[in-house]
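These notes concern the structure reproduced below.
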Amino acid sequence: MKSIIIHGSMRDSRVIIGEDIGNIGKYLPRADVIVITDKDVYRNYSQVMPTDKVIRIGTGEKIKNLDTVAYIFKELIRMEADRTVFILGFGGGIVCDIAGFVASIYLRGVRFGFVSTTLLSQADAGVGGKNGVNFEGYKNMIGTFNQPDFIICDPALLETLPEKQIRNGCAEIVKHAAIADKRLFAYLEAHYKEILKLKRDVIEKIVYESVMIKSGVVNLDEKEKGERRRLNFGHTIGHAIEKVTGLTHGEAISAGMCAAARISEKKGILSGKDRARLERILGNMKLPTRISADMKTIFKAMIKDKKREGDSIHFVLLNGIGDVVIEKISIKELEGLLMD
Ligand SMILES: NC(=O)c1ccc[n+]([C@@H]2O[C@H](COP(=O)([O-])OP(=O)(O)OC[C@H]3O[C@@H](n4cnc5c(N)ncnc54)[C@H](O)[C@@H]3O)[C@@H](O)[C@H]2O)c1
């Protein structure tokens, strides 16, 4: 078992990798605990949840909205949750994003923690303190920066994940390697078959390395003023792909990273060899590297991105495996690069 600390502006957050869910009691405060989970996770894991006070939500990106938040508030009020309540988000990235947001604003904020049950959530979404929901077609438009007390990552919980969800997690792990760690990238190239088979020591290693990369960035720039933008590699186009095509987050980010890599190559900062390496590892992980959707529609969705600033956007370009640069690109230039 390994721990990584994230130093948030309001509190520190501890990511515990390789911990057994049976030990959850060690991390919970002496408080009224209420679990927020989704119906699929509840079906698989209700027996290991530390309380029978459970609020269940649906699944899928469509439920990540203010209606679900309002439903949870009503349930919390019905359960008479006061300021001493501890909210435990128990699920994948959607549950963690919503539970963290609810806990950040219910009664002006109550304490919370996560049990991450998807590979994507263990390696990325559960970590870093970004919480929130989508609004009117804008991804993660309403939210907070607020760190959970802890994030428990038990690899055994991943055994019930459908393979598609394992692949989704791989996309964000490839992203972390691509932006910051060429050795991890080479490890992924050599071990992708074991990863897809969920070999425990390999999974623990890549989750740990991923969280190390993300926490290092978040410790420098929790509120995304500069450094944290690196984590958005593939996300500007990826979020638009996710919205337009209905692909899962990980699949859309995979295609988004490949599109960003092609743009980086066109701008002369990435070699064709490194672009091909990125496409190859994602393809080997059975993730999409190109999509058939109309690029004009993707572009229209992309310029609605909340990271847009006036007529330009901070775009993350790949500078080589393990290195990125952030360039302010005009919307017009980006349109040309995308359509070309
Ligand atoms: N906050 C952040 O920094 C951050 C970073 C990356 C992604 N995200 C967000 O994360 C979300 C995607 O998260 P995700 O990929 O974890 O998807 P998810 O939360 O939708 O989970 C995927 C599916 O797997 C099921 N599931 C979860 N755990 C399971 C288990 N152990 N066994 C069986 N089934 C299980 C869920 O019920 C769901 O149907 C997106 O909304 C994305 O925007 C947030």
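Each chain in the structure tokens gets a letter, A, B, ..., in the order shown, and its residues are numbered from 1; ligands are numbered from 1 in order too.
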
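The shell of residues at most 7 Å from Phe150 of chain A, with only C-alpha atoms counted and near chain neighbours (fewer than 2 positions) removed, consists of Ser13, Arg14, Val15, Gly113, Phe114, Pro148 and Ile152 of chain A.
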
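Residues of segment 66-121 of chain A that DSSP, applied to the backbone, places in alpha helix (DSSP H): Leu66, Asp67, Thr68, Val69, Ala70, Tyr71, Ile72, Phe73, Lys74, Glu75, Leu76, Ile77, Arg78, Gly93, Ile94, Val95, Cys96, Asp97, Ile98, Ala99, Gly100, Phe101, Val102, Ala103, Ser104, Ile105, Leu119 and Leu120 of chain A.
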
Can you spit out the residues from that selection as a PDB file, in the first residue's frame, using C-alpha atoms?
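Here's the written file result-v2.pdb:
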```
ATOM      1  CA  LEU A  66     -27.990  19.942 -11.485  1.00  0.00           C
ATOM      2  CA  ASP A  67     -31.161  17.785 -11.383  1.00  0.00           C
ATOM      3  CA  THR A  68     -29.132  14.978  -9.841  1.00  0.00           C
ATOM      4  CA  VAL A  69     -27.544  17.443  -7.414  1.00  0.00           C
ATOM      5  CA  ALA A  70     -31.032  18.680  -6.399  1.00  0.00           C
ATOM      6  CA  TYR A  71     -32.190  15.076  -5.907  1.00  0.00           C
ATOM      7  CA  ILE A  72     -29.224  14.406  -3.604  1.00  0.00           C
ATOM      8  CA  PHE A  73     -29.921  17.575  -1.578  1.00  0.00           C
ATOM      9  CA  LYS A  74     -33.517  16.421  -1.060  1.00  0.00           C
ATOM     10  CA  GLU A  75     -32.289  13.025   0.125  1.00  0.00           C
ATOM     11  CA  LEU A  76     -29.732  14.601   2.477  1.00  0.00           C
ATOM     12  CA  ILE A  77     -32.451  16.795   3.973  1.00  0.00           C
ATOM     13  CA  ARG A  78     -34.807  13.797   4.269  1.00  0.00           C
ATOM     14  CA  GLY A  93     -15.540   9.622 -11.952  1.00  0.00           C
ATOM     15  CA  ILE A  94     -19.175  10.651 -12.294  1.00  0.00           C
ATOM     16  CA  VAL A  95     -20.063   9.726  -8.706  1.00  0.00           C
ATOM     17  CA  CYS A  96     -16.882  11.401  -7.377  1.00  0.00           C
ATOM     18  CA  ASP A  97     -17.415  14.604  -9.419  1.00  0.00           C
ATOM     19  CA  ILE A  98     -21.017  14.883  -8.181  1.00  0.00           C
ATOM     20  CA  ALA A  99     -20.410  13.795  -4.570  1.00  0.00           C
ATOM     21  CA  GLY A 100     -17.491  16.237  -4.213  1.00  0.00           C
ATOM     22  CA  PHE A 101     -19.600  19.075  -5.595  1.00  0.00           C
ATOM     23  CA  VAL A 102     -22.567  18.279  -3.341  1.00  0.00           C
ATOM     24  CA  ALA A 103     -20.301  18.069  -0.278  1.00  0.00           C
ATOM     25  CA  SER A 104     -18.646  21.368  -1.213  1.00  0.00           C
ATOM     26  CA  ILE A 105     -21.893  23.332  -1.239  1.00  0.00           C
ATOM     27  CA  LEU A 119      -9.501   2.697 -13.228  1.00  0.00           C
ATOM     28  CA  LEU A 120     -10.172   6.187 -14.599  1.00  0.00           C
TER      29      LEU A 120
END
```

Using only C-alpha atoms, which residues of segment 226-250 of chain A come within 10 Å of segment 155-176 of chain A, and what is the closest atom pair for each, with the distance in Å to one decimal? Give it as CSV, sorted by chain and residue number.
```
residue,atom,partner,partner_atom,distance
A:Arg230,CA,A:His176,CA,9.3
A:Leu231,CA,A:His176,CA,7.3
A:Asn232,CA,A:Lys175,CA,8.9
A:Phe233,CA,A:Lys175,CA,7.0
A:Gly234,CA,A:Lys175,CA,7.9
A:His235,CA,A:Lys175,CA,9.9
A:Thr248,CA,A:Asn168,CA,7.4
A:His249,CA,A:Asn168,CA,7.0
A:Gly250,CA,A:Asn168,CA,4.0
```

Show which residues sit within 12 Å of segment 217-229 of chain A, as a ChimeraX atom specification. Count only C-alpha atoms, and ignore same-chain residues fewer than 2 positions away. /A:4-13,124,127-131,143-147,176,179-180,210-215,231-236,307,313-317,324-328

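Residue nearest Glu209 of chain A, chosen from A:Ile17, A:Leu88, A:Ala259, A:Val35 and counting only C-alpha atoms: A:Ile17.
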
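The space separating atom 32 (N, counted along the ligand's line) of ligand 1 from atom CA of Lys62 of chain A comes to 19.1 Å.
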
As a ChimeraX atom specification, list the residues of segment 84-125 of chain A assigned to strand (DSSP E) by DSSP on the backbone atoms of this structure. /A:86-91,111-116

How about saving the chosen residues, C-alpha atoms kept, as a PDB file, in the first residue's frame?
```pdb
ATOM      1  CA  PHE A  86     -19.376  12.962   6.218  1.00  0.00           C
ATOM      2  CA  ILE A  87     -20.134  12.269   2.557  1.00  0.00           C
ATOM      3  CA  LEU A  88     -18.476   9.258   0.985  1.00  0.00           C
ATOM      4  CA  GLY A  89     -18.538   9.207  -2.812  1.00  0.00           C
ATOM      5  CA  PHE A  90     -18.296   5.517  -3.746  1.00  0.00           C
ATOM      6  CA  GLY A  91     -17.939   4.986  -7.491  1.00  0.00           C
ATOM      7  CA  ARG A 111     -16.314  16.906   4.849  1.00  0.00           C
ATOM      8  CA  PHE A 112     -16.027  14.194   2.241  1.00  0.00           C
ATOM      9  CA  GLY A 113     -13.922  11.341   0.894  1.00  0.00           C
ATOM     10  CA  PHE A 114     -13.950   8.951  -2.058  1.00  0.00           C
ATOM     11  CA  VAL A 115     -13.695   5.251  -2.745  1.00  0.00           C
ATOM     12  CA  SER A 116     -12.714   5.178  -6.422  1.00  0.00           C
TER      13      SER A 116
END
```

What is the distance, in Å and to one decimal place, between atom CA of Val202 of chain A and atom CA of Arg183 of chain A? 14.3 Å

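From atom CA of Ile291 of chain A back to atom CA of Ala260 of chain A, the distance works out to 13.1 Å.
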
Quick one: of A:Gly58, A:Gly320, A:Gly256, A:Gly137, who's nearest to ligand 1, counting only C-alpha atoms and all ligand atoms? A:Gly58

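Minimum atom-to-atom distances from A:Ile303, A:Leu318, A:Leu28, A:Ala261 to Arg290 of chain A were compared using only C-alpha atoms, and the lowest value belongs to A:Ala261.
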
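Among the candidates A:Met79, A:Cys258, A:Asn140, A:Met285, the one nearest to Gly272 of chain A when counting only C-alpha atoms is A:Cys258.
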
Mind checking which residues fall within 6 Å of Ile16 of chain A, counting only C-alpha atoms, ignoring those fewer than 5 positions away in the same chain, and posting them as a VMD selection string? chain A and resid 2 to 3 152 to 153

Would you kindly return, as a PyMOL selection string, each protein, DNA or RNA residue with an atom no farther than 6 Å from any atom of Leu287 of chain A, considering only C-alpha atoms and excluding same-chain residues fewer than 3 positions away? chain A and resi 251+282-283
